[in-house]
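structure34.cif follows (mmCIF, C-alpha atoms and all ligand atoms):
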data_protein
loop_
_atom_site.label_atom_id
_atom_site.label_comp_id
_atom_site.auth_asym_id
_atom_site.auth_seq_id
_atom_site.Cartn_x
_atom_site.Cartn_y
_atom_site.Cartn_z
CA MET E 1 -39.81 109.01 -244.55
CA ALA E 2 -40.71 110.83 -241.36
CA LEU E 3 -40.56 114.60 -241.07
CA ILE E 4 -38.34 115.67 -238.20
CA LEU E 5 -39.85 118.00 -235.62
CA HIS E 6 -37.38 119.78 -233.34
CA ALA E 7 -39.06 120.03 -229.94
CA THR E 8 -39.42 118.14 -226.70
CA LYS E 9 -42.37 115.79 -226.41
CA THR E 10 -44.02 118.07 -223.83
CA ASN E 11 -43.79 121.23 -225.94
CA LYS E 12 -47.31 122.66 -226.13
CA ASN E 13 -46.72 124.09 -229.60
CA ALA E 14 -45.43 120.79 -230.93
CA PHE E 15 -48.71 119.12 -229.89
CA LYS E 16 -50.48 120.98 -232.70
CA THR E 17 -48.34 119.29 -235.34
CA LEU E 18 -48.37 115.89 -233.68
CA ILE E 19 -52.19 115.87 -233.49
CA ALA E 20 -52.52 117.15 -237.07
CA ALA E 21 -50.15 114.33 -238.12
CA GLU E 22 -52.42 111.76 -236.46
CA TYR E 23 -55.33 113.05 -238.56
CA SER E 24 -53.45 113.37 -241.84
CA GLY E 25 -51.49 110.15 -241.47
CA VAL E 26 -48.14 111.93 -241.88
CA GLN E 27 -45.17 110.47 -240.08
CA VAL E 28 -43.61 113.06 -237.80
CA GLN E 29 -40.72 112.16 -235.56
CA LEU E 30 -39.29 114.25 -232.75
CA ALA E 31 -35.59 115.07 -233.16
CA THR E 32 -33.59 112.65 -231.02
CA ASN E 33 -32.03 113.98 -227.82
CA PHE E 34 -33.53 117.42 -228.32
CA GLU E 35 -32.71 119.51 -225.27
CA MET E 36 -34.51 122.80 -224.77
CA GLY E 37 -32.11 125.68 -224.23
CA VAL E 38 -29.21 123.70 -225.71
CA SER E 39 -30.26 122.17 -229.04
CA ASN E 40 -32.12 125.31 -230.10
CA LYS E 41 -29.03 127.49 -229.51
CA THR E 42 -26.74 125.62 -231.90
CA PRO E 43 -25.66 127.25 -235.20
CA GLU E 44 -27.44 124.45 -237.12
CA PHE E 45 -30.71 125.19 -235.33
CA LEU E 46 -30.35 128.97 -235.78
CA LYS E 47 -30.00 128.38 -239.51
CA MET E 48 -33.47 126.80 -239.40
CA ASN E 49 -35.02 129.44 -237.14
CA PRO E 50 -32.94 132.58 -236.67
CA ILE E 51 -34.56 133.41 -233.32
CA GLY E 52 -33.93 129.95 -231.92
CA LYS E 53 -37.52 129.24 -230.96
CA VAL E 54 -39.14 125.87 -230.93
CA PRO E 55 -40.73 124.00 -232.73
CA VAL E 56 -39.06 123.76 -236.12
CA LEU E 57 -39.97 121.19 -238.77
CA GLU E 58 -37.53 119.84 -241.33
CA THR E 59 -39.40 119.37 -244.61
CA PRO E 60 -38.15 118.10 -247.98
CA GLU E 61 -38.43 121.74 -249.13
CA GLY E 62 -36.48 123.22 -246.24
CA PRO E 63 -37.08 124.15 -242.60
CA LEU E 64 -40.28 125.69 -241.30
CA PHE E 65 -40.82 127.55 -238.04
CA GLU E 66 -43.93 128.93 -236.23
CA SER E 67 -46.09 126.16 -234.83
CA ASN E 68 -49.32 127.16 -236.58
CA ALA E 69 -47.60 127.18 -239.96
CA ILE E 70 -45.96 123.83 -239.23
CA ALA E 71 -49.29 122.28 -238.19
CA ARG E 72 -50.94 123.68 -241.33
CA TYR E 73 -48.20 122.15 -243.50
CA VAL E 74 -48.55 118.75 -241.85
CA ALA E 75 -52.36 118.90 -241.91
CA GLY E 76 -52.33 119.41 -245.67
CA PHE E 77 -49.31 117.23 -246.47
CA ASN E 78 -49.68 115.18 -249.67
CA GLY E 79 -52.91 116.97 -250.51
CA HIS E 80 -54.68 115.81 -247.35
CA LYS E 81 -57.90 117.84 -247.03
CA ALA E 82 -59.87 116.53 -244.06
CA LEU E 83 -58.67 119.19 -241.63
CA PHE E 84 -59.75 122.03 -243.95
CA SER E 85 -62.94 123.01 -245.71
CA SER E 86 -63.86 122.98 -249.35
CA SER E 87 -65.26 126.51 -249.16
CA ALA E 88 -63.17 129.66 -249.21
CA ILE E 89 -65.23 131.28 -246.47
CA ASP E 90 -64.88 128.30 -244.15
CA ASN E 91 -61.14 128.13 -244.77
CA ALA E 92 -60.98 131.79 -243.83
CA ARG E 93 -62.99 130.96 -240.70
CA ILE E 94 -60.46 128.26 -239.84
CA ASP E 95 -57.77 130.95 -240.04
CA GLN E 96 -59.96 133.28 -238.02
CA TRP E 97 -60.17 130.84 -235.10
CA ILE E 98 -56.49 129.96 -235.34
CA ASP E 99 -55.54 133.63 -235.03
CA PHE E 100 -58.18 134.22 -232.36
CA SER E 101 -57.03 131.36 -230.16
CA SER E 102 -53.37 132.29 -230.63
CA MET E 103 -53.74 136.00 -229.91
CA GLU E 104 -56.66 136.12 -227.51
CA ILE E 105 -56.33 132.82 -225.65
CA ASP E 106 -52.75 131.53 -225.86
CA ALA E 107 -51.14 134.95 -225.40
CA ASN E 108 -53.16 135.69 -222.26
CA ILE E 109 -52.73 132.22 -220.81
CA ILE E 110 -48.99 132.67 -221.18
CA LYS E 111 -49.11 136.11 -219.54
CA LEU E 112 -50.95 134.59 -216.59
CA TYR E 113 -48.77 131.51 -216.32
CA LEU E 114 -45.18 132.74 -216.80
CA PRO E 115 -45.03 134.67 -213.49
CA ARG E 116 -46.20 131.51 -211.72
CA LEU E 117 -43.30 129.59 -213.22
CA GLY E 118 -40.96 132.35 -212.10
CA PHE E 119 -40.18 133.22 -215.75
CA ALA E 120 -41.66 136.73 -215.64
CA PRO E 121 -42.15 139.37 -212.95
CA TYR E 122 -45.51 139.23 -211.22
CA LEU E 123 -47.40 142.48 -211.74
CA PRO E 124 -50.98 142.51 -210.43
CA ALA E 125 -52.11 145.06 -213.05
CA VAL E 126 -50.75 142.88 -215.87
CA GLU E 127 -52.44 139.84 -214.36
CA GLU E 128 -55.78 141.62 -214.12
CA ALA E 129 -55.58 142.85 -217.71
CA ALA E 130 -54.63 139.38 -219.03
CA ASN E 131 -57.35 137.83 -216.95
CA SER E 132 -60.08 140.13 -218.28
CA ALA E 133 -58.84 139.66 -221.84
CA LEU E 134 -58.84 135.88 -221.42
CA LYS E 135 -62.35 135.94 -219.95
CA ARG E 136 -63.57 138.09 -222.83
CA ALA E 137 -62.11 135.63 -225.35
CA LEU E 138 -63.47 132.57 -223.55
CA GLY E 139 -66.86 134.27 -223.33
CA ALA E 140 -66.89 134.74 -227.10
CA LEU E 141 -65.72 131.17 -227.69
CA ASN E 142 -68.38 129.91 -225.27
CA THR E 143 -71.11 131.73 -227.17
CA HIS E 144 -69.95 130.25 -230.47
CA LEU E 145 -69.77 126.75 -229.02
CA ALA E 146 -73.26 127.01 -227.50
CA SER E 147 -74.61 126.13 -230.94
CA ASN E 148 -71.58 124.52 -232.62
CA THR E 149 -69.83 121.26 -231.80
CA TYR E 150 -66.72 122.27 -233.73
CA LEU E 151 -65.37 125.69 -234.56
CA VAL E 152 -66.01 125.40 -238.29
CA GLY E 153 -68.34 122.94 -240.01
CA HIS E 154 -69.27 119.54 -238.65
CA SER E 155 -65.96 117.83 -238.02
CA VAL E 156 -62.54 118.51 -236.53
CA THR E 157 -60.50 121.07 -238.46
CA LEU E 158 -57.06 122.54 -237.92
CA ALA E 159 -58.81 125.36 -236.02
CA ASP E 160 -59.97 122.88 -233.36
CA ILE E 161 -56.54 121.27 -233.05
CA ILE E 162 -54.80 124.61 -232.53
CA THR E 163 -57.47 126.00 -230.21
CA ILE E 164 -57.45 122.89 -228.03
CA CYS E 165 -53.66 123.01 -227.80
CA ASN E 166 -53.90 126.67 -226.83
CA LEU E 167 -56.43 125.87 -224.09
CA HIS E 168 -54.45 122.84 -222.91
CA LEU E 169 -51.84 124.71 -220.86
CA GLY E 170 -54.50 126.71 -219.05
CA PHE E 171 -56.81 123.79 -218.26
CA THR E 172 -54.01 121.54 -217.04
CA GLN E 173 -51.92 124.09 -215.15
CA PHE E 174 -54.02 126.79 -213.51
CA LEU E 175 -57.54 127.32 -214.88
CA VAL E 176 -59.32 125.58 -212.05
CA LYS E 177 -62.93 124.45 -212.18
CA SER E 178 -64.24 127.56 -210.40
CA PHE E 179 -62.77 129.60 -213.27
CA THR E 180 -63.86 127.44 -216.20
CA LEU E 181 -67.40 126.74 -214.99
CA GLU E 182 -68.33 130.18 -216.26
CA PHE E 183 -67.71 128.80 -219.76
CA PRO E 184 -69.62 125.50 -219.86
CA HIS E 185 -69.57 125.13 -223.65
CA VAL E 186 -65.81 125.65 -223.71
CA GLU E 187 -65.49 123.01 -221.00
CA ARG E 188 -67.62 120.53 -222.95
CA TYR E 189 -65.69 121.27 -226.16
CA PHE E 190 -62.31 120.88 -224.47
CA TRP E 191 -63.05 117.61 -222.69
CA THR E 192 -64.80 116.10 -225.71
CA LEU E 193 -61.96 116.85 -228.08
CA VAL E 194 -59.06 115.93 -225.81
CA ASN E 195 -60.69 112.54 -225.46
CA GLN E 196 -60.87 111.92 -229.22
CA PRO E 197 -58.37 109.13 -230.02
CA ASN E 198 -56.08 111.32 -232.18
CA PHE E 199 -55.83 113.96 -229.47
CA ARG E 200 -55.53 111.41 -226.70
CA LYS E 201 -52.58 109.67 -228.41
CA VAL E 202 -50.58 112.89 -228.20
CA LEU E 203 -51.89 114.56 -225.05
CA GLY E 204 -52.50 111.47 -222.93
CA GLN E 205 -55.22 111.46 -220.33
CA LEU E 206 -55.67 114.96 -218.94
CA LYS E 207 -56.76 116.22 -215.56
CA GLN E 208 -57.88 119.75 -214.84
CA ALA E 209 -55.65 121.84 -212.55
CA GLU E 210 -56.90 121.65 -208.97
CA ALA E 211 -55.03 124.66 -207.66
CA VAL E 212 -53.41 127.79 -209.00
CA PRO E 213 -49.64 127.61 -208.49
CA PRO E 214 -48.46 130.36 -206.14
CA ILE E 215 -46.22 133.18 -207.32
CA PRO E 216 -42.61 132.44 -206.36
CA SER E 217 -41.83 135.01 -203.66
CA ALA E 218 -38.88 136.60 -205.50
CA LYS E 219 -41.24 137.59 -208.33
CA LYS E 220 -43.75 139.41 -206.13
CA PRO E 221 -43.71 143.20 -206.28
CA SER E 222 -42.01 144.81 -203.33
CA GLN E 223 -43.92 146.99 -200.88
CA PRO E 224 -45.18 150.31 -202.30
CA LYS E 225 -42.91 153.19 -201.29
CA GLU E 226 -45.45 156.01 -200.95
CA SER E 227 -46.69 156.47 -197.45
CA LYS E 228 -50.11 157.98 -198.20
CA SER E 229 -53.11 155.73 -198.74
CA LYS E 230 -54.21 155.71 -202.35
CA PRO E 231 -57.60 155.74 -203.99
CA LYS E 232 -58.66 152.28 -205.14
CA ASP E 233 -58.13 152.75 -208.86
CA GLU E 234 -54.75 154.27 -208.33
CA ALA E 235 -53.84 151.43 -206.04
CA LYS E 236 -54.31 149.04 -208.94
CA LYS E 237 -51.75 150.78 -211.11
CA VAL E 238 -48.25 149.43 -211.35
CA ALA E 239 -45.88 151.52 -209.26
CA LYS E 240 -43.59 153.66 -211.41
CA PRO E 241 -39.89 153.43 -210.63
CA GLU E 242 -38.65 156.50 -208.78
CA PRO E 243 -36.42 158.80 -210.81
CA GLU E 244 -32.78 158.17 -210.06
CA LYS E 245 -31.34 160.69 -207.63
CA PRO E 246 -28.15 162.56 -208.53
CA LYS E 247 -25.14 160.93 -206.87
CA GLU E 248 -24.26 163.92 -204.66
CA GLU E 249 -27.76 163.92 -203.22
CA ILE E 250 -27.54 160.26 -202.28
CA GLU E 251 -24.17 160.73 -200.64
CA GLU E 252 -25.30 163.74 -198.62
CA GLU E 253 -28.24 161.92 -197.03
CA ALA E 254 -27.23 160.87 -193.52
CA PRO E 255 -29.10 157.89 -192.07
CA LYS E 256 -31.92 159.17 -189.87
CA PRO E 257 -32.69 157.44 -186.56
CA LYS E 258 -35.79 155.27 -186.90
CA PRO E 259 -38.70 156.87 -184.98
CA LYS E 260 -40.29 154.61 -182.40
CA ASN E 261 -43.63 153.13 -183.37
CA PRO E 262 -46.32 154.87 -181.24
CA LEU E 263 -47.74 151.44 -180.43
CA ASP E 264 -44.52 150.65 -178.53
CA LEU E 265 -45.34 153.56 -176.22
CA LEU E 266 -48.71 152.13 -175.13
CA PRO E 267 -48.98 150.83 -171.56
CA PRO E 268 -47.78 147.23 -171.43
CA SER E 269 -50.41 144.57 -172.13
CA LYS E 270 -50.88 141.26 -170.38
CA MET E 271 -51.61 139.74 -173.78
CA ILE E 272 -48.45 138.52 -175.49
CA LEU E 273 -49.28 138.47 -179.18
CA ASP E 274 -46.64 135.85 -179.96
CA ASP E 275 -48.12 133.51 -177.35
CA TRP E 276 -51.47 133.73 -179.09
CA LYS E 277 -49.91 133.20 -182.52
CA ARG E 278 -48.06 130.17 -181.20
CA LEU E 279 -51.22 128.74 -179.65
CA TYR E 280 -53.07 129.29 -182.93
CA SER E 281 -50.35 127.57 -184.96
CA ASN E 282 -49.81 124.67 -182.60
CA THR E 283 -53.44 123.71 -182.01
CA LYS E 284 -54.17 120.88 -184.37
CA ALA E 285 -57.28 119.39 -182.74
CA ASN E 286 -60.11 120.54 -180.47
CA PHE E 287 -59.58 124.05 -181.81
CA ARG E 288 -62.64 125.48 -180.06
CA GLU E 289 -61.71 124.09 -176.66
CA ILE E 290 -58.02 124.88 -176.84
CA ALA E 291 -57.25 127.75 -179.22
CA ILE E 292 -60.48 129.74 -179.06
CA LYS E 293 -60.78 129.35 -175.30
CA GLY E 294 -57.09 130.25 -174.96
CA PHE E 295 -57.64 133.34 -177.10
CA TRP E 296 -60.38 134.71 -174.85
CA ASP E 297 -58.38 133.82 -171.74
CA MET E 298 -55.48 135.87 -173.05
CA TYR E 299 -57.44 138.66 -174.72
CA ASP E 300 -56.73 142.09 -173.25
CA SER E 301 -59.54 144.40 -174.33
CA GLU E 302 -57.61 147.47 -173.15
CA GLY E 303 -54.36 146.74 -174.92
CA TYR E 304 -55.92 145.32 -178.09
CA SER E 305 -58.98 145.72 -180.28
CA LEU E 306 -60.74 143.41 -182.72
CA TRP E 307 -62.03 144.52 -186.11
CA PHE E 308 -64.21 142.99 -188.81
CA CYS E 309 -63.42 143.98 -192.36
CA ASP E 310 -65.61 143.59 -195.39
CA TYR E 311 -64.32 144.01 -198.95
CA LYS E 312 -66.19 146.89 -200.60
CA TYR E 313 -66.03 145.57 -204.15
CA ASN E 314 -67.08 141.93 -203.88
CA ASP E 315 -68.94 142.13 -207.17
CA GLU E 316 -65.51 142.40 -208.85
CA ASN E 317 -64.39 139.08 -207.36
CA SER E 318 -65.41 137.03 -210.34
CA VAL E 319 -62.25 134.95 -210.67
CA SER E 320 -61.17 132.71 -207.82
CA PHE E 321 -57.41 132.97 -208.23
CA VAL E 322 -57.43 136.71 -208.82
CA THR E 323 -59.45 137.11 -205.61
CA LEU E 324 -57.04 134.85 -203.73
CA ASN E 325 -54.11 136.86 -205.09
CA LYS E 326 -55.70 140.12 -203.95
CA VAL E 327 -56.01 138.77 -200.44
CA GLY E 328 -52.50 137.30 -200.58
CA GLY E 329 -51.14 140.69 -201.66
CA PHE E 330 -52.95 142.40 -198.80
CA LEU E 331 -51.40 140.03 -196.27
CA GLN E 332 -47.99 140.52 -197.82
CA ARG E 333 -48.34 144.30 -197.51
CA MET E 334 -49.40 143.90 -193.87
CA ASP E 335 -45.96 142.52 -193.11
CA LEU E 336 -45.06 145.88 -191.54
CA ALA E 337 -47.66 145.22 -188.81
CA ARG E 338 -46.51 141.73 -187.85
CA LYS E 339 -45.47 142.81 -184.33
CA TYR E 340 -48.82 144.46 -183.70
CA ALA E 341 -51.48 142.42 -185.48
CA PHE E 342 -53.06 139.05 -186.14
CA GLY E 343 -55.59 138.54 -188.92
CA LYS E 344 -57.84 136.03 -190.61
CA MET E 345 -59.09 136.61 -194.13
CA LEU E 346 -61.87 134.46 -195.53
CA VAL E 347 -62.72 134.09 -199.20
CA ILE E 348 -66.30 132.96 -199.16
CA GLY E 349 -68.53 131.19 -201.66
CA SER E 350 -68.41 128.29 -204.08
CA GLN E 351 -69.19 130.42 -207.10
CA PRO E 352 -68.29 133.92 -208.16
CA PRO E 353 -68.62 136.65 -207.11
CA PHE E 354 -66.64 135.62 -204.02
CA LYS E 355 -66.98 137.59 -200.79
CA VAL E 356 -63.90 138.63 -198.84
CA LYS E 357 -64.31 139.19 -195.11
CA GLY E 358 -61.78 139.31 -192.36
CA LEU E 359 -61.06 139.64 -188.68
CA TRP E 360 -58.10 141.60 -187.34
CA LEU E 361 -56.62 141.96 -183.91
CA PHE E 362 -54.65 145.19 -183.55
CA ARG E 363 -52.55 146.54 -180.69
CA GLY E 364 -54.33 149.57 -179.25
CA GLN E 365 -57.91 150.74 -179.51
CA GLU E 366 -57.80 151.97 -183.11
CA ILE E 367 -56.59 150.61 -186.41
CA PRO E 368 -52.94 151.73 -186.26
CA GLN E 369 -52.41 154.89 -188.28
CA PHE E 370 -49.18 153.60 -189.86
CA VAL E 371 -51.12 150.62 -191.23
CA ILE E 372 -53.74 152.93 -192.76
CA ASP E 373 -50.99 155.09 -194.23
CA GLU E 374 -48.78 152.34 -195.56
CA CYS E 375 -51.17 149.63 -196.68
CA TYR E 376 -53.46 150.84 -199.44
CA ASP E 377 -55.68 147.75 -199.16
CA MET E 378 -57.11 149.14 -195.90
CA GLU E 379 -59.43 151.49 -197.71
CA LEU E 380 -60.74 148.76 -199.97
CA TYR E 381 -62.54 147.38 -196.90
CA ASP E 382 -65.25 148.62 -194.56
CA TRP E 383 -63.98 148.32 -190.98
CA THR E 384 -66.18 147.72 -187.93
CA LYS E 385 -64.88 147.46 -184.40
CA VAL E 386 -66.03 144.25 -182.71
CA ASP E 387 -68.22 144.76 -179.66
CA ILE E 388 -67.14 141.85 -177.52
CA SER E 389 -70.02 142.33 -175.12
CA ASP E 390 -72.26 141.18 -177.98
CA GLU E 391 -72.30 137.37 -177.98
CA THR E 392 -73.26 137.21 -181.67
CA GLN E 393 -70.23 139.25 -182.65
CA LYS E 394 -68.05 137.21 -180.35
CA GLU E 395 -69.25 134.00 -181.98
CA ARG E 396 -68.50 135.51 -185.39
CA VAL E 397 -64.95 136.17 -184.18
CA ASN E 398 -64.67 132.52 -183.10
CA GLN E 399 -65.92 131.26 -186.44
CA MET E 400 -63.50 133.44 -188.35
CA ILE E 401 -60.56 132.31 -186.26
CA GLU E 402 -61.42 128.64 -186.68
CA ASP E 403 -62.40 128.75 -190.41
CA TYR E 404 -65.88 127.57 -189.49
CA GLU E 405 -67.88 126.20 -192.40
CA PRO E 406 -70.40 127.00 -193.71
CA PHE E 407 -69.54 130.56 -192.84
CA GLU E 408 -72.71 132.67 -192.86
CA GLY E 409 -74.33 129.92 -194.89
CA GLU E 410 -71.61 129.55 -197.53
CA PRO E 411 -68.58 127.31 -198.05
CA LEU E 412 -65.08 128.78 -197.80
CA LEU E 413 -62.99 128.98 -200.93
CA ASP E 414 -59.98 129.76 -198.76
CA ALA E 415 -59.00 131.07 -195.35
CA LYS E 416 -55.70 132.87 -194.94
CA CYS E 417 -54.05 133.74 -191.69
CA PHE E 418 -51.77 136.67 -190.90
CA LYS E 419 -49.61 135.83 -187.95
N1 LIG O 1 -45.05 131.72 -232.02
C1 LIG O 1 -44.11 130.65 -231.80
C2 LIG O 1 -43.74 130.62 -230.35
C3 LIG O 1 -42.60 129.67 -230.11
C4 LIG O 1 -42.10 129.72 -228.69
O1 LIG O 1 -42.26 130.72 -227.98
N2 LIG O 1 -41.45 128.67 -228.30
C5 LIG O 1 -40.87 128.60 -226.97
C6 LIG O 1 -41.08 127.21 -226.42
S1 LIG O 1 -42.80 126.83 -226.27
C7 LIG O 1 -39.38 128.79 -227.14
O2 LIG O 1 -38.78 128.30 -228.05
N3 LIG O 1 -38.77 129.52 -226.22
C8 LIG O 1 -37.35 129.71 -226.21
C9 LIG O 1 -36.96 131.14 -226.42
O3 LIG O 1 -37.82 132.04 -226.31
O4 LIG O 1 -35.76 131.36 -226.67
C10 LIG O 1 -44.72 129.33 -232.24
O5 LIG O 1 -45.94 129.18 -232.14
O6 LIG O 1 -43.98 128.46 -232.70
#
Please, can you express the file's structure as structure tokens?
Amino acid sequence: MALILHATKTNKNAFKTLIAAEYSGVQVQLATNFEMGVSNKTPEFLKMNPIGKVPVLETPEGPLFESNAIARYVAGFNGHKALFSSSAIDNARIDQWIDFSSMEIDANIIKLYLPRLGFAPYLPAVEEAANSALKRALGALNTHLASNTYLVGHSVTLADIITICNLHLGFTQFLVKSFTLEFPHVERYFWTLVNQPNFRKVLGQLKQAEAVPPIPSAKKPSQPKESKSKPKDEAKKVAKPEPEKPKEEIEEEAPKPKPKNPLDLLPPSKMILDDWKRLYSNTKANFREIAIKGFWDMYDSEGYSLWFCDYKYNDENSVSFVTLNKVGGFLQRMDLARKYAFGKMLVIGSQPPFKVKGLWLFRGQEIPQFVIDECYDMELYDWTKVDISDETQKERVNQMIEDYEPFEGEPLLDAKCFK
């Protein structure tokens, strides 16, 4: 008689049991019509797992929850031993890797992925911490796998099944090649095992994620409130909520008239920024001849200035999607300058550390003070005013506007535009 597993067939934690069942020859059947969020809220389900989480296995001796425990039960069902070791130390090592991959890999993959599904708020500091922790764990796993085909002994054990299932979500959803290539032994291990027939039957044919899903906009942190630029390390911290003001104080505050932006007081310019932005967006072919030429025809060197920026901490850009997020966050925070600026940000290189360089067009002859004050990213870059009488610098401007590749000898990982 089959054991009933309550889960959907795409539940990553159920995979552990289903693969273990393939190895141990146990019949496991998914509960019919199981619906996540409905079936696991019923009183019958809550009797099996009081916190309503999935999966749950019905066994002849009663229900069992927690996916690692369920997989262990199924792996050893009817005295089946192949997924364990005969030595106490190796059985402890199997447990060691199960705990390691659950706490150090799965937990961090989930922290990185949930905000991208819109199921958790996106906090850059949390992402960076989870990312470093995941890299540390994958580094350790990579070192172990440099001289071991399997985690313990010379054949698949329960440790491999659980570790592969814990890596599965990352590899298939957001750990793109530029991230995993730092861990070649983990890559080899993952692709070898997922293509073993017993894994393949459950997981199907897998494909590595080609892109990191973007953060849904509602989950992105709102603009920082402080108006002073912050030192870099401080900038990385999560903003603390402001203490609530007493009610009377809120009521007494009369709305103040908005001061005019000093850039609105500059002499009028012949260059209409929106015209340039429209030309940039609408030019789909012959970019050099149409958009770049149009840019220089419109450019007003008295009313506007061009600036190159260079990220000061490129050696920290070791993870592609974290680097892309940093740049994305910068552009989001520049929203306040939309009327007065146009920008291109290039993420350069095919391998980490990635370089971040940009080109900005600002109204006026200086980088606007309100941008320096409000957007803390500004001080993470070195800024150099473009000398447009220098043809080399002018050509660099052109290449940045048109996403020219190779840029300074390297491919572009991404090019983002602020317009
Ligand atoms: N440590 C648990 C985690 C179970 C878990 O988080 N399950 C998710 C689905 S993958 C769930 O049931 N979520 C619903 C909820 O949190 O109410 C296990 O490995 O079984």
Selected residue, from E:Met271, E:Val26, E:Leu151, E:Cys165, that lies nearest to Asn11 (chain E) when counting only C-alpha atoms: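 Smallest separation from Asn11 (chain E) among the options: E:Cys165.
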Straight-line distance linking CA of Lys394 (chain E) with CA of Gly343 (chain E), stated in Å to one decimal: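 Taking CA of Lys394 (chain E) as the start and CA of Gly343 (chain E) as the end point, the length is 15.2 Å.
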Who sits within 12 Å of His80 (chain E), all atoms listed in the file, same chain under 3 positions skipped, as a list in words: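 The filter keeps Ala20, Ala21, Glu22, Tyr23, Ser24, Gly25, Val26, Arg72, Tyr73, Val74, Ala75, Gly76, Phe77, Leu83, Phe84, Ser85, Ser86, Thr157 and Leu158 of chain E.
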Within 9 Å of ligand LIG 1 (chain O), counting only C-alpha atoms and all ligand atoms, residues as a list in words: Ala7, Asn11, Lys12, Asn13, Ala14, Met36, Gly37, Asn40, Lys41, Ile51, Gly52, Lys53, Val54, Pro55, Val56, Phe65, Glu66, Ser67, Asn68, Ala69, Ile70 and Ser102 of chain E
Selection: 10 Å around Thr149 (chain E), all atoms listed in the file, excl. self and same-chain fewer than 3 positions, as a count of residues only: 13
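Closest approach to Asn398 (chain E) among E:Leu346, E:Ile164, E:Ile367, E:Ala291: E:Ala291, based on only C-alpha atoms.
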Closest of E:Thr17, E:Asn142, E:Ser305, E:Glu402 to Pro184 (chain E) - atom-to-atom distances counting all atoms listed in the file: E:Asn142
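All residues of protein, DNA or RNA that reach within 8 Å of region 415-419 of chain E, judged by all atoms listed in the file and not counting those fewer than 2 positions away in the chain, are E:Lys277, E:Gly328, E:Leu331, E:Arg338, E:Ala341, E:Phe342, E:Gly343, E:Lys344, E:Met345, E:Leu346, E:Val347, E:Asp403, E:Leu412, E:Leu413.
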Restricting the output to C-alpha atoms, write the selected residues as a PDB file, in the frame of the given file.
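Writing done, so here's selection-v2.pdb:
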ATOM      1  CA  LYS E 277     -49.910 133.200-182.520  1.00  0.00           C
ATOM      2  CA  GLY E 328     -52.500 137.300-200.580  1.00  0.00           C
ATOM      3  CA  LEU E 331     -51.400 140.030-196.270  1.00  0.00           C
ATOM      4  CA  ARG E 338     -46.510 141.730-187.850  1.00  0.00           C
ATOM      5  CA  ALA E 341     -51.480 142.420-185.480  1.00  0.00           C
ATOM      6  CA  PHE E 342     -53.060 139.050-186.140  1.00  0.00           C
ATOM      7  CA  GLY E 343     -55.590 138.540-188.920  1.00  0.00           C
ATOM      8  CA  LYS E 344     -57.840 136.030-190.610  1.00  0.00           C
ATOM      9  CA  MET E 345     -59.090 136.610-194.130  1.00  0.00           C
ATOM     10  CA  LEU E 346     -61.870 134.460-195.530  1.00  0.00           C
ATOM     11  CA  VAL E 347     -62.720 134.090-199.200  1.00  0.00           C
ATOM     12  CA  ASP E 403     -62.400 128.750-190.410  1.00  0.00           C
ATOM     13  CA  LEU E 412     -65.080 128.780-197.800  1.00  0.00           C
ATOM     14  CA  LEU E 413     -62.990 128.980-200.930  1.00  0.00           C
TER      15      LEU E 413
END
Among listed residues E:Lys357, E:Ile89, E:Thr163, E:Lys207, nearest Glu408 (chain E) (using all atoms listed in the file): E:Lys357
Straight-line distance linking CA of Ala2 (chain E) with CA of Asp160 (chain E), stated in Å to one decimal: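 Computing the Euclidean distance for CA of Ala2 (chain E) and CA of Asp160 (chain E) yields 24.1 Å.
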Pairwise distance for CA of Met378 (chain E) and CA of Asn317 (chain E), rounded to one decimal in Å: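 Taking CA of Met378 (chain E) as the start and CA of Asn317 (chain E) as the end point, the length is 16.9 Å.
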Cut-off 12 Å around (-62.1, 148.2, -172.5) with only C-alpha atoms: residues as a list in words: Tyr299, Asp300, Ser301, Glu302, Gly303, Tyr304, Ser305, Leu306, Gly364, Gln365, Val386, Asp387, Ile388 and Ser389 of chain E
Nearest-residue call for Glu44 (chain E), choices E:Gly204, E:Gly329, E:Pro63, E:Pro257, using only C-alpha atoms: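 The closest residue to Glu44 (chain E) is E:Pro63.
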Residue neighbourhood Phe174 (chain E), 12 Å, only C-alpha atoms, exclusion window fewer than 6 positions, as a VMD selection string: chain E and resid 109 to 110 112 to 117 167 to 168 180 207 to 215 319 to 322
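The residue set within 12 Å of Arg288 (chain E), counting all atoms listed in the file and dropping same-chain residues fewer than 6 places from it, reads Leu279, Tyr280, Gly294, Phe295, Trp296, Glu395, Val397, Asn398, Gln399, Met400, Ile401, Glu402, Asp403 and Tyr404 of chain E.
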For Pro406 (chain E), the nearest of the candidates E:Thr392, E:Asn131, E:Ser350, E:Thr384, counting all atoms listed in the file: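 For Pro406 (chain E), the nearest of the given residues is E:Ser350.
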